[in-house]
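Chemist: So I've got this file, upload.tsv, and it contains TSV, C-alpha atoms and all ligand atoms:
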```
chain	number	residue	atom	x	y	z
M	1	MET	CA	-18.70	15.73	-47.53
M	2	LYS	CA	-16.15	16.76	-50.16
M	3	ILE	CA	-13.47	14.08	-50.57
M	4	LEU	CA	-10.26	14.69	-52.47
M	5	ILE	CA	-8.42	11.63	-53.82
M	6	THR	CA	-4.87	12.42	-54.91
M	7	GLY	CA	-3.33	10.02	-57.45
M	8	VAL	CA	-6.82	9.21	-58.76
M	9	ALA	CA	-5.54	8.06	-62.18
M	10	GLY	CA	-3.45	5.45	-60.38
M	11	PHE	CA	-4.38	1.83	-59.68
M	12	ILE	CA	-5.71	2.18	-56.12
M	13	GLY	CA	-7.09	5.72	-56.64
M	14	PHE	CA	-9.14	4.57	-59.62
M	15	HIS	CA	-10.74	1.66	-57.76
M	16	LEU	CA	-11.33	3.78	-54.69
M	17	ALA	CA	-13.11	6.51	-56.69
M	18	ASN	CA	-15.36	3.86	-58.23
M	19	LYS	CA	-16.10	2.47	-54.78
M	20	LEU	CA	-16.81	5.81	-53.09
M	21	PHE	CA	-18.94	7.14	-55.91
M	22	SER	CA	-22.35	7.82	-54.37
M	23	LYS	CA	-24.81	10.57	-53.64
M	24	ASN	CA	-23.34	10.99	-50.16
M	25	PHE	CA	-19.98	12.40	-51.25
M	26	GLU	CA	-18.71	14.96	-53.69
M	27	LEU	CA	-15.60	13.34	-55.18
M	28	LEU	CA	-12.66	15.42	-56.40
M	29	GLY	CA	-9.57	13.85	-57.93
M	30	ILE	CA	-6.14	15.14	-58.84
M	31	ASP	CA	-3.21	13.52	-60.62
M	32	ASN	CA	-0.25	14.74	-62.66
M	33	ILE	CA	-0.60	11.72	-64.99
M	34	ASN	CA	3.15	11.13	-65.01
M	35	SER	CA	4.75	8.71	-67.44
M	36	TYR	CA	6.21	6.25	-64.89
M	37	TYR	CA	4.12	3.62	-66.69
M	38	ASP	CA	1.76	3.37	-69.67
M	39	LEU	CA	-0.10	6.67	-69.99
M	40	ASP	CA	-2.95	5.05	-71.91
M	41	LEU	CA	-3.75	2.91	-68.87
M	42	LYS	CA	-4.04	6.02	-66.67
M	43	LYS	CA	-6.15	7.78	-69.31
M	44	SER	CA	-8.45	4.75	-69.67
M	45	ARG	CA	-8.95	4.68	-65.92
M	46	LEU	CA	-9.87	8.37	-65.97
M	47	LYS	CA	-12.22	7.87	-68.91
M	48	ASN	CA	-13.91	5.18	-66.87
M	49	LEU	CA	-14.34	7.62	-63.97
M	50	LYS	CA	-15.94	10.32	-66.10
M	51	HIS	CA	-19.21	11.56	-64.52
M	52	LYS	CA	-18.14	10.05	-61.17
M	53	ILE	CA	-15.47	12.53	-60.09
M	54	SER	CA	-14.39	16.07	-60.90
M	55	PHE	CA	-10.86	15.62	-62.19
M	56	TYR	CA	-8.05	18.21	-62.04
M	57	HIS	CA	-4.65	17.75	-63.70
M	58	ILE	CA	-2.40	19.02	-60.89
M	59	ASP	CA	1.10	18.17	-59.73
M	60	ILE	CA	1.24	18.14	-55.91
M	61	VAL	CA	4.87	19.26	-56.08
M	62	ASN	CA	3.59	22.53	-57.56
M	63	LYS	CA	2.70	24.28	-54.31
M	64	ASN	CA	0.92	27.22	-55.92
M	65	ALA	CA	-1.29	25.07	-58.13
M	66	LEU	CA	-2.22	22.90	-55.15
M	67	LYS	CA	-2.98	25.93	-52.97
M	68	LYS	CA	-5.22	27.40	-55.66
M	69	PHE	CA	-7.08	24.10	-55.86
M	70	PHE	CA	-7.60	23.92	-52.07
M	71	GLN	CA	-8.67	27.56	-51.93
M	72	GLU	CA	-11.28	26.97	-54.60
M	73	HIS	CA	-12.64	23.58	-53.46
M	74	LYS	CA	-11.96	23.35	-49.72
M	75	PRO	CA	-12.11	19.52	-49.39
M	76	ASN	CA	-13.09	18.12	-45.95
M	77	LEU	CA	-11.26	14.82	-46.22
M	78	ILE	CA	-8.11	14.00	-48.17
M	79	ILE	CA	-7.27	10.48	-49.32
M	80	HIS	CA	-3.67	10.89	-50.38
M	81	LEU	CA	-2.46	8.20	-52.76
M	82	ALA	CA	-0.32	10.25	-55.17
M	83	ALA	CA	3.29	9.14	-54.97
M	84	GLN	CA	6.19	7.76	-56.88
M	85	ALA	CA	5.62	4.06	-56.28
M	86	GLY	CA	7.98	1.13	-56.83
M	87	VAL	CA	10.97	-0.12	-54.88
M	88	ARG	CA	13.22	-1.07	-57.80
M	89	TYR	CA	12.78	2.27	-59.60
M	90	SER	CA	13.96	4.06	-56.44
M	91	ILE	CA	17.45	2.57	-56.82
M	92	ASN	CA	18.29	4.68	-59.88
M	93	ASN	CA	15.74	7.48	-59.57
M	94	PRO	CA	15.92	8.59	-55.93
M	95	GLU	CA	15.08	12.25	-56.60
M	96	GLN	CA	11.55	11.29	-57.76
M	97	TYR	CA	10.85	9.96	-54.26
M	98	ILE	CA	12.12	13.07	-52.53
M	99	SER	CA	10.07	15.43	-54.70
M	100	ASN	CA	6.79	13.52	-55.19
M	101	ASN	CA	6.64	11.64	-51.91
M	102	ILE	CA	8.24	14.02	-49.43
M	103	VAL	CA	7.87	17.52	-50.86
M	104	GLY	CA	4.52	16.59	-52.45
M	105	PHE	CA	3.16	15.17	-49.19
M	106	PHE	CA	4.41	18.21	-47.28
M	107	ASN	CA	2.52	20.46	-49.72
M	108	VAL	CA	-0.67	18.48	-49.15
M	109	LEU	CA	-0.26	18.74	-45.37
M	110	GLN	CA	0.44	22.47	-45.58
M	111	CYS	CA	-2.72	22.95	-47.65
M	112	CYS	CA	-4.70	21.05	-44.99
M	113	LYS	CA	-3.31	23.51	-42.46
M	114	GLU	CA	-3.96	26.64	-44.53
M	115	PHE	CA	-7.42	25.68	-45.74
M	116	ASN	CA	-8.66	24.06	-42.56
M	117	CYS	CA	-9.03	20.48	-43.68
M	118	LYS	CA	-9.06	18.37	-40.51
M	119	LYS	CA	-8.64	14.79	-41.76
M	120	ILE	CA	-6.31	12.88	-44.02
M	121	ILE	CA	-6.01	9.20	-44.91
M	122	TYR	CA	-2.71	8.50	-46.69
M	123	ALA	CA	-0.81	5.64	-48.30
M	124	SER	CA	2.16	4.20	-46.52
M	125	SER	CA	3.67	0.82	-47.36
M	126	SER	CA	4.72	-2.57	-46.00
M	127	SER	CA	8.23	-1.65	-47.16
M	128	VAL	CA	8.66	0.48	-44.00
M	129	TYR	CA	9.33	-2.78	-42.13
M	130	GLY	CA	12.65	-3.33	-43.92
M	131	LYS	CA	14.24	-6.74	-43.63
M	132	LYS	CA	11.51	-8.55	-41.67
M	133	LEU	CA	11.77	-12.29	-42.07
M	134	LYS	CA	10.00	-14.40	-39.47
M	135	HIS	CA	6.97	-12.98	-37.78
M	136	LYS	CA	4.02	-11.00	-38.97
M	137	SER	CA	4.77	-7.28	-38.95
M	138	LYS	CA	2.88	-5.26	-36.36
M	139	GLU	CA	2.30	-1.52	-36.44
M	140	ILE	CA	4.41	-1.09	-33.30
M	141	ASP	CA	7.47	-2.76	-34.87
M	142	ASP	CA	10.66	-0.81	-35.56
M	143	VAL	CA	10.55	1.07	-38.88
M	144	ASN	CA	13.91	2.77	-38.50
M	145	LYS	CA	15.81	0.62	-40.95
M	146	PRO	CA	14.25	1.12	-44.40
M	147	LEU	CA	16.08	-0.74	-47.18
M	148	ASN	CA	15.51	1.78	-49.95
M	149	LEU	CA	14.47	5.38	-50.58
M	150	TYR	CA	10.89	4.42	-51.40
M	151	ALA	CA	10.60	2.95	-47.92
M	152	SER	CA	12.34	5.97	-46.35
M	153	SER	CA	9.91	8.31	-48.08
M	154	LYS	CA	6.96	6.38	-46.59
M	155	VAL	CA	8.47	6.37	-43.08
M	156	SER	CA	9.00	10.13	-43.50
M	157	ASN	CA	5.33	10.55	-44.44
M	158	GLU	CA	4.27	8.82	-41.25
M	159	LEU	CA	6.51	11.10	-39.18
M	160	MET	CA	5.33	14.23	-40.99
M	161	ALA	CA	1.66	13.30	-40.51
M	162	HIS	CA	2.33	12.77	-36.81
M	163	SER	CA	4.00	16.19	-36.51
M	164	PHE	CA	1.10	17.95	-38.21
M	165	GLY	CA	-1.17	16.26	-35.67
M	166	GLN	CA	0.91	17.67	-32.82
M	167	LEU	CA	1.15	21.11	-34.39
M	168	ILE	CA	-2.36	21.75	-35.71
M	169	GLY	CA	-4.46	18.76	-34.59
M	170	LEU	CA	-4.67	17.29	-38.11
M	171	LYS	CA	-6.17	13.80	-37.76
M	172	SER	CA	-4.34	11.27	-39.90
M	173	ILE	CA	-4.71	7.61	-40.74
M	174	GLY	CA	-1.71	6.01	-42.44
M	175	LEU	CA	-2.34	2.76	-44.30
M	176	ARG	CA	0.57	0.40	-44.81
M	177	PHE	CA	-0.50	-1.37	-48.00
M	178	PHE	CA	0.87	-4.87	-48.65
M	179	THR	CA	1.43	-5.73	-52.37
M	180	VAL	CA	-1.92	-4.72	-53.84
M	181	TYR	CA	-2.95	-6.49	-57.06
M	182	GLY	CA	-5.94	-6.88	-59.34
M	183	PRO	CA	-7.63	-5.69	-62.54
M	184	TRP	CA	-6.41	-2.31	-63.85
M	185	GLY	CA	-3.19	-2.99	-61.91
M	186	ARG	CA	0.28	-1.51	-62.27
M	187	PRO	CA	2.43	-2.62	-65.21
M	188	ASP	CA	5.61	-2.34	-63.11
M	189	MET	CA	4.50	-5.03	-60.65
M	190	SER	CA	5.60	-8.67	-60.83
M	191	TYR	CA	2.17	-10.26	-61.43
M	192	TYR	CA	1.62	-7.89	-64.40
M	193	ILE	CA	5.10	-8.38	-65.88
M	194	PHE	CA	4.92	-12.17	-65.48
M	195	THR	CA	1.53	-12.32	-67.22
M	196	LYS	CA	2.66	-10.07	-70.06
M	197	ASN	CA	5.96	-11.87	-70.67
M	198	ILE	CA	4.49	-15.36	-70.47
M	199	LEU	CA	1.78	-14.40	-73.00
M	200	GLU	CA	4.43	-12.90	-75.30
M	201	GLY	CA	6.67	-15.97	-75.00
M	202	LYS	CA	9.40	-13.95	-73.27
M	203	LYS	CA	11.50	-15.01	-70.29
M	204	ILE	CA	10.51	-13.89	-66.81
M	205	ASN	CA	13.06	-12.80	-64.22
M	206	VAL	CA	12.41	-14.43	-60.85
M	207	PHE	CA	14.53	-12.72	-58.23
M	208	GLY	CA	15.81	-14.33	-55.04
M	209	HIS	CA	15.56	-17.64	-56.96
M	210	GLY	CA	11.85	-17.54	-56.09
M	211	GLU	CA	12.61	-17.51	-52.35
M	212	MET	CA	10.52	-14.43	-51.59
M	213	TRP	CA	7.13	-14.14	-49.93
M	214	ARG	CA	4.56	-11.42	-50.41
M	215	ASP	CA	1.30	-10.80	-48.57
M	216	PHE	CA	-0.59	-10.22	-51.86
M	217	THR	CA	-3.75	-8.21	-51.16
M	218	TYR	CA	-6.62	-7.98	-53.63
M	219	ILE	CA	-7.73	-4.51	-54.64
M	220	ASP	CA	-11.41	-5.02	-53.65
M	221	ASP	CA	-10.39	-5.90	-50.08
M	222	ILE	CA	-8.32	-2.70	-49.98
M	223	VAL	CA	-11.01	-0.31	-51.25
M	224	ASN	CA	-13.76	-1.95	-49.18
M	225	ALA	CA	-11.63	-1.30	-46.11
M	226	ILE	CA	-10.92	2.32	-47.07
M	227	GLN	CA	-14.63	2.89	-47.62
M	228	LYS	CA	-15.32	1.62	-44.09
M	229	ILE	CA	-12.56	3.85	-42.68
M	230	VAL	CA	-14.12	6.87	-44.43
M	231	LYS	CA	-17.50	5.99	-42.87
M	232	VAL	CA	-16.10	5.85	-39.33
M	233	SER	CA	-13.55	8.64	-39.83
M	234	ASP	CA	-15.33	11.03	-37.44
M	235	ASN	CA	-15.34	8.47	-34.64
M	236	ILE	CA	-11.83	7.03	-34.78
M	237	MET	CA	-10.13	6.90	-31.39
M	238	PHE	CA	-6.58	8.24	-31.15
M	239	PRO	CA	-4.13	7.47	-28.34
M	240	LYS	CA	-4.25	10.24	-25.72
M	241	GLY	CA	-2.49	13.42	-26.86
M	242	THR	CA	-2.04	12.24	-30.45
M	243	TYR	CA	-3.93	12.61	-33.69
M	244	SER	CA	-2.28	10.01	-35.89
M	245	ARG	CA	-2.84	6.30	-36.34
M	246	ILE	CA	-1.25	3.74	-38.59
M	247	PHE	CA	-2.73	0.45	-39.79
M	248	ASN	CA	-1.44	-2.53	-41.73
M	249	ILE	CA	-3.73	-3.41	-44.58
M	250	GLY	CA	-2.71	-6.78	-45.97
M	251	ASN	CA	-4.11	-10.20	-46.73
M	252	ASN	CA	-2.65	-11.85	-43.63
M	253	LYS	CA	-1.45	-14.81	-45.71
M	254	PRO	CA	1.97	-14.46	-47.37
M	255	GLU	CA	2.51	-16.51	-50.52
M	256	LYS	CA	5.75	-17.62	-52.12
M	257	LEU	CA	6.71	-15.87	-55.36
M	258	MET	CA	6.75	-19.27	-57.11
M	259	THR	CA	3.12	-19.85	-56.05
M	260	LEU	CA	2.27	-16.70	-58.00
M	261	VAL	CA	4.32	-17.84	-61.01
M	262	ASN	CA	2.71	-21.29	-60.98
M	263	LEU	CA	-0.78	-19.86	-60.68
M	264	ILE	CA	-0.22	-17.52	-63.64
M	265	GLN	CA	1.15	-20.41	-65.75
M	266	LYS	CA	-1.83	-22.57	-64.80
M	267	THR	CA	-4.39	-19.84	-65.53
M	268	LEU	CA	-2.80	-19.00	-68.89
M	269	ASN	CA	-2.13	-22.64	-69.61
M	270	ILE	CA	1.37	-21.68	-70.85
M	271	LYS	CA	4.70	-22.82	-69.44
M	272	ALA	CA	6.91	-19.90	-68.41
M	273	LYS	CA	10.54	-19.54	-69.44
M	274	ILE	CA	12.16	-18.66	-66.14
M	275	ASN	CA	15.40	-16.82	-65.46
M	276	TYR	CA	16.26	-17.42	-61.79
M	277	LEU	CA	18.28	-14.52	-60.41
M	278	ASP	CA	19.78	-13.38	-57.09
M	279	TYR	CA	18.05	-10.90	-54.81
M	280	GLN	CA	18.28	-7.34	-56.01
M	281	ILE	CA	19.65	-4.61	-53.81
M	282	GLY	CA	16.82	-3.08	-51.73
M	283	ASP	CA	14.57	-6.19	-51.94
M	284	THR	CA	12.55	-7.25	-48.91
M	285	ILE	CA	12.53	-11.04	-48.65
M	286	ARG	CA	9.20	-11.50	-46.92
M	287	THR	CA	6.20	-9.29	-46.20
M	288	SER	CA	3.50	-10.45	-43.86
M	289	ALA	CA	0.82	-8.32	-42.20
M	290	ASN	CA	-0.60	-8.62	-38.74
M	291	ILE	CA	-4.01	-7.02	-39.30
M	292	ASN	CA	-5.46	-7.16	-35.77
M	293	GLU	CA	-5.52	-3.37	-35.38
M	294	LEU	CA	-7.61	-2.80	-38.50
M	295	ARG	CA	-9.75	-5.81	-37.68
M	296	SER	CA	-10.65	-4.34	-34.33
M	297	MET	CA	-11.47	-0.93	-35.80
M	298	ILE	CA	-13.56	-1.86	-38.86
M	299	ASN	CA	-13.80	-5.63	-38.64
M	300	PHE	CA	-11.39	-5.93	-41.56
M	301	VAL	CA	-11.41	-9.46	-42.94
M	302	PRO	CA	-9.76	-9.79	-46.37
M	303	LYS	CA	-11.83	-12.21	-48.42
M	304	THR	CA	-9.89	-12.75	-51.62
M	305	THR	CA	-7.43	-15.59	-52.15
M	306	LEU	CA	-4.65	-15.46	-54.75
M	307	ASN	CA	-6.42	-18.38	-56.48
M	308	PHE	CA	-9.44	-16.18	-57.03
M	309	GLY	CA	-7.71	-12.83	-57.59
M	310	ILE	CA	-5.09	-13.77	-60.17
M	311	PRO	CA	-7.59	-15.28	-62.65
M	312	LYS	CA	-9.67	-12.09	-62.20
M	313	PHE	CA	-6.62	-10.03	-63.10
M	314	ILE	CA	-5.85	-12.24	-66.10
M	315	ASP	CA	-9.45	-11.95	-67.36
M	316	TRP	CA	-9.14	-8.19	-67.19
M	317	TYR	CA	-5.67	-8.29	-68.84
M	318	ARG	CA	-6.95	-10.29	-71.81
M	319	ASN	CA	-9.96	-8.04	-72.19
M	320	TYR	CA	-8.10	-4.76	-71.84
M	321	HIS	CA	-5.27	-5.81	-74.16
M	322	LYS	CA	-7.68	-7.57	-76.51
M	323	ILE	CA	-5.97	-10.96	-76.23
M	324	ASN	CA	-8.20	-13.95	-76.96
M	325	SER	CA	-8.13	-16.86	-74.56
M	326	LEU	CA	-6.96	-20.16	-76.02
M	401	LIG	N1	0.01	-0.95	-55.21
M	401	LIG	C1	0.70	-1.38	-54.19
M	401	LIG	O1	0.99	-2.57	-54.07
M	401	LIG	C2	1.15	-0.43	-53.10
M	401	LIG	C3	1.83	-0.97	-51.99
M	401	LIG	C4	2.26	-0.11	-50.99
M	401	LIG	C5	1.98	1.24	-51.07
M	401	LIG	N2	1.34	1.75	-52.16
M	401	LIG	C6	1.10	3.19	-52.20
M	401	LIG	O2	-0.26	3.42	-52.53
M	401	LIG	C7	-0.39	4.61	-53.31
M	401	LIG	C8	-1.10	4.30	-54.61
M	401	LIG	O3	-0.37	3.29	-55.29
M	401	LIG	P1	-0.79	2.75	-56.73
M	401	LIG	O4	-0.40	1.32	-56.76
M	401	LIG	O5	-2.18	3.15	-57.06
M	401	LIG	O6	0.27	3.54	-57.64
M	401	LIG	P2	0.07	4.30	-59.01
M	401	LIG	O7	1.43	4.66	-59.49
M	401	LIG	O8	-0.79	3.49	-59.92
M	401	LIG	O9	-0.73	5.60	-58.58
M	401	LIG	C9	-0.12	6.78	-58.12
M	401	LIG	C10	-0.68	7.95	-58.92
M	401	LIG	O10	-0.11	9.15	-58.38
M	401	LIG	C11	0.18	10.02	-59.45
M	401	LIG	N3	1.23	10.93	-59.01
M	401	LIG	C12	2.53	10.65	-58.76
M	401	LIG	N4	3.21	11.75	-58.43
M	401	LIG	C13	2.32	12.79	-58.46
M	401	LIG	C14	2.40	14.18	-58.24
M	401	LIG	N5	3.57	14.76	-57.96
M	401	LIG	N6	1.28	14.93	-58.36
M	401	LIG	C15	0.09	14.35	-58.67
M	401	LIG	N7	-0.05	13.04	-58.93
M	401	LIG	C16	1.06	12.26	-58.82
M	401	LIG	C17	0.61	9.11	-60.58
M	401	LIG	O11	0.46	9.72	-61.86
M	401	LIG	C18	-0.29	7.90	-60.40
M	401	LIG	O12	-1.45	7.99	-61.22
M	401	LIG	C19	1.04	5.13	-53.49
M	401	LIG	O13	1.30	6.07	-52.50
M	401	LIG	C20	1.90	3.89	-53.27
M	401	LIG	O14	3.20	4.23	-52.84
M	401	LIG	C21	0.91	0.93	-53.16
```
Please go through the file and, once you have read it, give me the structure as structure tokens.
Ligand SMILES: NC(=O)c1ccc[n+]([C@@H]2O[C@H](COP(=O)([O-])OP(=O)(O)OC[C@H]3O[C@@H](n4cnc5c(N)ncnc54)[C@H](O)[C@@H]3O)[C@@H](O)[C@H]2O)c1
Modeler:
Amino acid sequence: MKILITGVAGFIGFHLANKLFSKNFELLGIDNINSYYDLDLKKSRLKNLKHKISFYHIDIVNKNALKKFFQEHKPNLIIHLAAQAGVRYSINNPEQYISNNIVGFFNVLQCCKEFNCKKIIYASSSSVYGKKLKHKSKEIDDVNKPLNLYASSKVSNELMAHSFGQLIGLKSIGLRFFTVYGPWGRPDMSYYIFTKNILEGKKINVFGHGEMWRDFTYIDDIVNAIQKIVKVSDNIMFPKGTYSRIFNIGNNKPEKLMTLVNLIQKTLNIKAKINYLDYQIGDTIRTSANINELRSMINFVPKTTLNFGIPKFIDWYRNYHKINSL
């Protein structure tokens, strides 16, 4: 089987390529290596993947380049992770989300159609649930009230994937990721920024006065689950007359933002200087995944607690940035 991972220089793509690397698959990866965050981090990830994947520097917004790639390589399964990520960045840079996430995804779907690729697994997000506060979000919940353009782009992806199923029978699995963290993680995410600033003696901004909850999900739990989905991808059941399914993929245990801050302080053994601020426009107050659907399909049981995962991240951070522990 030839598997194409889009966004392979990204955080999740990198870990997934490492996980799927085996004699059973031919792994292809594409990425436009954009400068949304530290380019050296993306290049180091790619260096690490050398000999494991065939890498192509392609922008999915460039329809012709993507078509040429599909024509040449004819992948059988797409794992689509390339996107403009980040909720806060979407407030001032909305056009990036329309081009990379909507036009880019459309181009990938069109290539599946033209070059007869029958299956796609793609990244959606917990942010589709909007302003959920109390209960655990279920896949059947309303996703018609996204709070920001990042979330709208992910809802649009789910709708587009469904339409391609109806039109050409393309089988799609959408994965609503819940705050993924871990080694080689994204420098725009809170756990990374907090660690960096605390180590550098700078203040950290804690929004919502710390009154936010996230269902932090460790990267190994995510890629283990995707590997299992790939294995069963030929046998997945779809509701009658449809070809698309959507799954939450979260830790099933939301944690308060201040629990994260305290754990980072404790692991670093440094007291943080904290700037408590109001909620920012577009913020979701609480994310919390009901994971029963994925549990019943692949027996998904996330194993990693924040207490285990954050020190793992900090070990990597010190190593990667060559910072000695005290
Ligand atoms: N990390 C999380 O917590 C999280 C949560 C919810 C959803 N997601 C989704 O999961 C996917 C992967 O996220 P990530 O955390 O690895 O993000 P990431 O930013 O590290 O990875 C995305 C990669 O896609 C590439 N890319 C962006 N636009 C492209 C384009 N036009 N053409 C080719 N490549 C392009 C980027 O260069 C980057 O390497 C994204 O779709 C993201 O929206 C992530």
Chemist: Taking only C-alpha atoms and all ligand atoms into account, report as an MDAnalysis selection string which residues have an atom no farther than 8 Å from an atom of ligand LIG 401 (chain M).
Modeler: chainID M and resid 6:14 30:37 42 57:62 80:86 99:101 104 122:127 150 154 176:181 185:186 189 217
Chemist: Quick one: pull the distance between CA of Asn157 (chain M) and CA of Ile102 (chain M), Å, one decimal.
Modeler: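 According to the coordinates, CA of Asn157 (chain M) and CA of Ile102 (chain M) are separated by 6.7 Å.
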Chemist: Using all atoms listed in the file, pick whichever of M:Asn248, M:Trp184, M:Thr284, M:Val223 has the shortest atom-to-atom distance to Lys312 (chain M).
Modeler: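 Once distances to Lys312 (chain M) are computed over all atoms listed in the file, the minimum belongs to M:Trp184.
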Chemist: Identify, on the basis of only C-alpha atoms, every residue whose closest approach to Val143 (chain M) does not exceed 12 Å; exclude the query and any residue fewer than 2 positions from it along the same chain; express the result as an MDAnalysis selection string.
Modeler: chainID M and resid 124:132 137:141 145:147 151:156 158:159 176
Chemist: I'd like the contact shell of Arg318 (chain M) - 12 Å cut-off, all atoms listed in the file, skipping same-chain residues fewer than 3 positions apart - returned as an mmCIF file with C-alpha atoms, keeping the file's coordinate frame.
Modeler:
```
data_model
loop_
_atom_site.group_PDB
_atom_site.id
_atom_site.type_symbol
_atom_site.label_atom_id
_atom_site.label_comp_id
_atom_site.auth_asym_id
_atom_site.auth_seq_id
_atom_site.Cartn_x
_atom_site.Cartn_y
_atom_site.Cartn_z
ATOM 1 C CA PRO M 183 -7.630 -5.690 -62.540
ATOM 2 C CA TRP M 184 -6.410 -2.310 -63.850
ATOM 3 C CA TYR M 192 1.620 -7.890 -64.400
ATOM 4 C CA THR M 195 1.530 -12.320 -67.220
ATOM 5 C CA LYS M 196 2.660 -10.070 -70.060
ATOM 6 C CA LEU M 199 1.780 -14.400 -73.000
ATOM 7 C CA THR M 267 -4.390 -19.840 -65.530
ATOM 8 C CA LEU M 268 -2.800 -19.000 -68.890
ATOM 9 C CA PRO M 311 -7.590 -15.280 -62.650
ATOM 10 C CA LYS M 312 -9.670 -12.090 -62.200
ATOM 11 C CA PHE M 313 -6.620 -10.030 -63.100
ATOM 12 C CA ILE M 314 -5.850 -12.240 -66.100
ATOM 13 C CA ASP M 315 -9.450 -11.950 -67.360
ATOM 14 C CA HIS M 321 -5.270 -5.810 -74.160
ATOM 15 C CA LYS M 322 -7.680 -7.570 -76.510
ATOM 16 C CA ILE M 323 -5.970 -10.960 -76.230
ATOM 17 C CA ASN M 324 -8.200 -13.950 -76.960
ATOM 18 C CA SER M 325 -8.130 -16.860 -74.560
ATOM 19 C CA LEU M 326 -6.960 -20.160 -76.020
#
```
Chemist: List the spatial neighbours of region 300-309 of chain M as number ranges by chain - criterion: any atom at most 12 Å away, only C-alpha atoms, same-chain residues fewer than 6 positions off excluded.
Modeler: M: 178-183, 185, 191, 214-229, 247-257, 259-264, 266-267, 289-294, 315-316
Chemist: Which residue out of M:Val206, M:Ile121, M:Met212, M:Leu109 has the minimum interatomic distance to Ser163 (chain M) when only C-alpha atoms are used?
Modeler: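 Among M:Val206, M:Ile121, M:Met212, M:Leu109, it is M:Leu109 that comes nearest to Ser163 (chain M).
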Chemist: Counting only C-alpha atoms, find residues at most 8 Å from (-1.6, 10.8, -38.5) (file frame) and give them as a list in words.
Modeler: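 So the residues meeting the distance criterion are Ile120, Ile121, Glu158, Ala161, His162, Phe164, Gly165, Leu170, Lys171, Ser172, Ile173, Gly174, Tyr243, Ser244, Arg245 and Ile246 of chain M.
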Chemist: Hey, can you check how far CA of Ile78 (chain M) sits from CA of Gly29 (chain M)?
Modeler: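 Interatomic distance here is 9.9 Å.
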Chemist: Return as lines of an AutoDock Vina configuration file the box centre and box size in Å, one decimal, for an axis-aligned box around all listed atoms of region 243-249 of chain M padded by 6 Å per side.
Modeler:
```
center_x = -2.6
center_y = 4.6
center_z = -39.1
size_x = 14.7
size_y = 28.0
size_z = 22.9
```
Chemist: Quick check, in Å to one decimal: how far apart do CA of Gln265 (chain M) and CA of Ser44 (chain M) lie?
Modeler: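 Between CA of Gln265 (chain M) and CA of Ser44 (chain M) the gap is 27.2 Å.
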Chemist: Which one of M:Val87, M:Ile193, M:Leu66, M:Ile198 sits closest to Asn269 (chain M) if you count all atoms listed in the file?
Modeler: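 Closest to Asn269 (chain M) of all the choices is M:Ile198.
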Chemist: Compile the contact shell of region 67-76 of chain M as a list in words: residues with an atom at most 9 Å away, counting all atoms listed in the file, same-chain residues fewer than 3 positions apart removed.
Modeler: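 Surrounding residues, per the criterion: Met1, Lys2, Ile3, Leu4, Leu28, Tyr56, Ile58, Asn62, Lys63, Asn64, Asn107, Val108, Gln110, Cys111, Cys112, Glu114, Phe115, Asn116, Cys117, Lys118, Lys119 and Ile120 of chain M.
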Chemist: For region 271-279 of chain M, find every residue with an atom within 7 Å (counting all atoms listed in the file), except residues of its own chain fewer than 3 positions away, and show them as a PyMOL selection string.
Modeler: chain M and resi 198+202-209+265+283
Chemist: Suppose we keep C-alpha atoms; can you now write the selection as a tab-separated table (two decimals), keeping the file's coordinate frame?
Modeler:
```
chain	number	residue	atom	x	y	z
M	198	ILE	CA	4.49	-15.36	-70.47
M	202	LYS	CA	9.40	-13.95	-73.27
M	203	LYS	CA	11.50	-15.01	-70.29
M	204	ILE	CA	10.51	-13.89	-66.81
M	205	ASN	CA	13.06	-12.80	-64.22
M	206	VAL	CA	12.41	-14.43	-60.85
M	207	PHE	CA	14.53	-12.72	-58.23
M	208	GLY	CA	15.81	-14.33	-55.04
M	209	HIS	CA	15.56	-17.64	-56.96
M	265	GLN	CA	1.15	-20.41	-65.75
M	283	ASP	CA	14.57	-6.19	-51.94
```
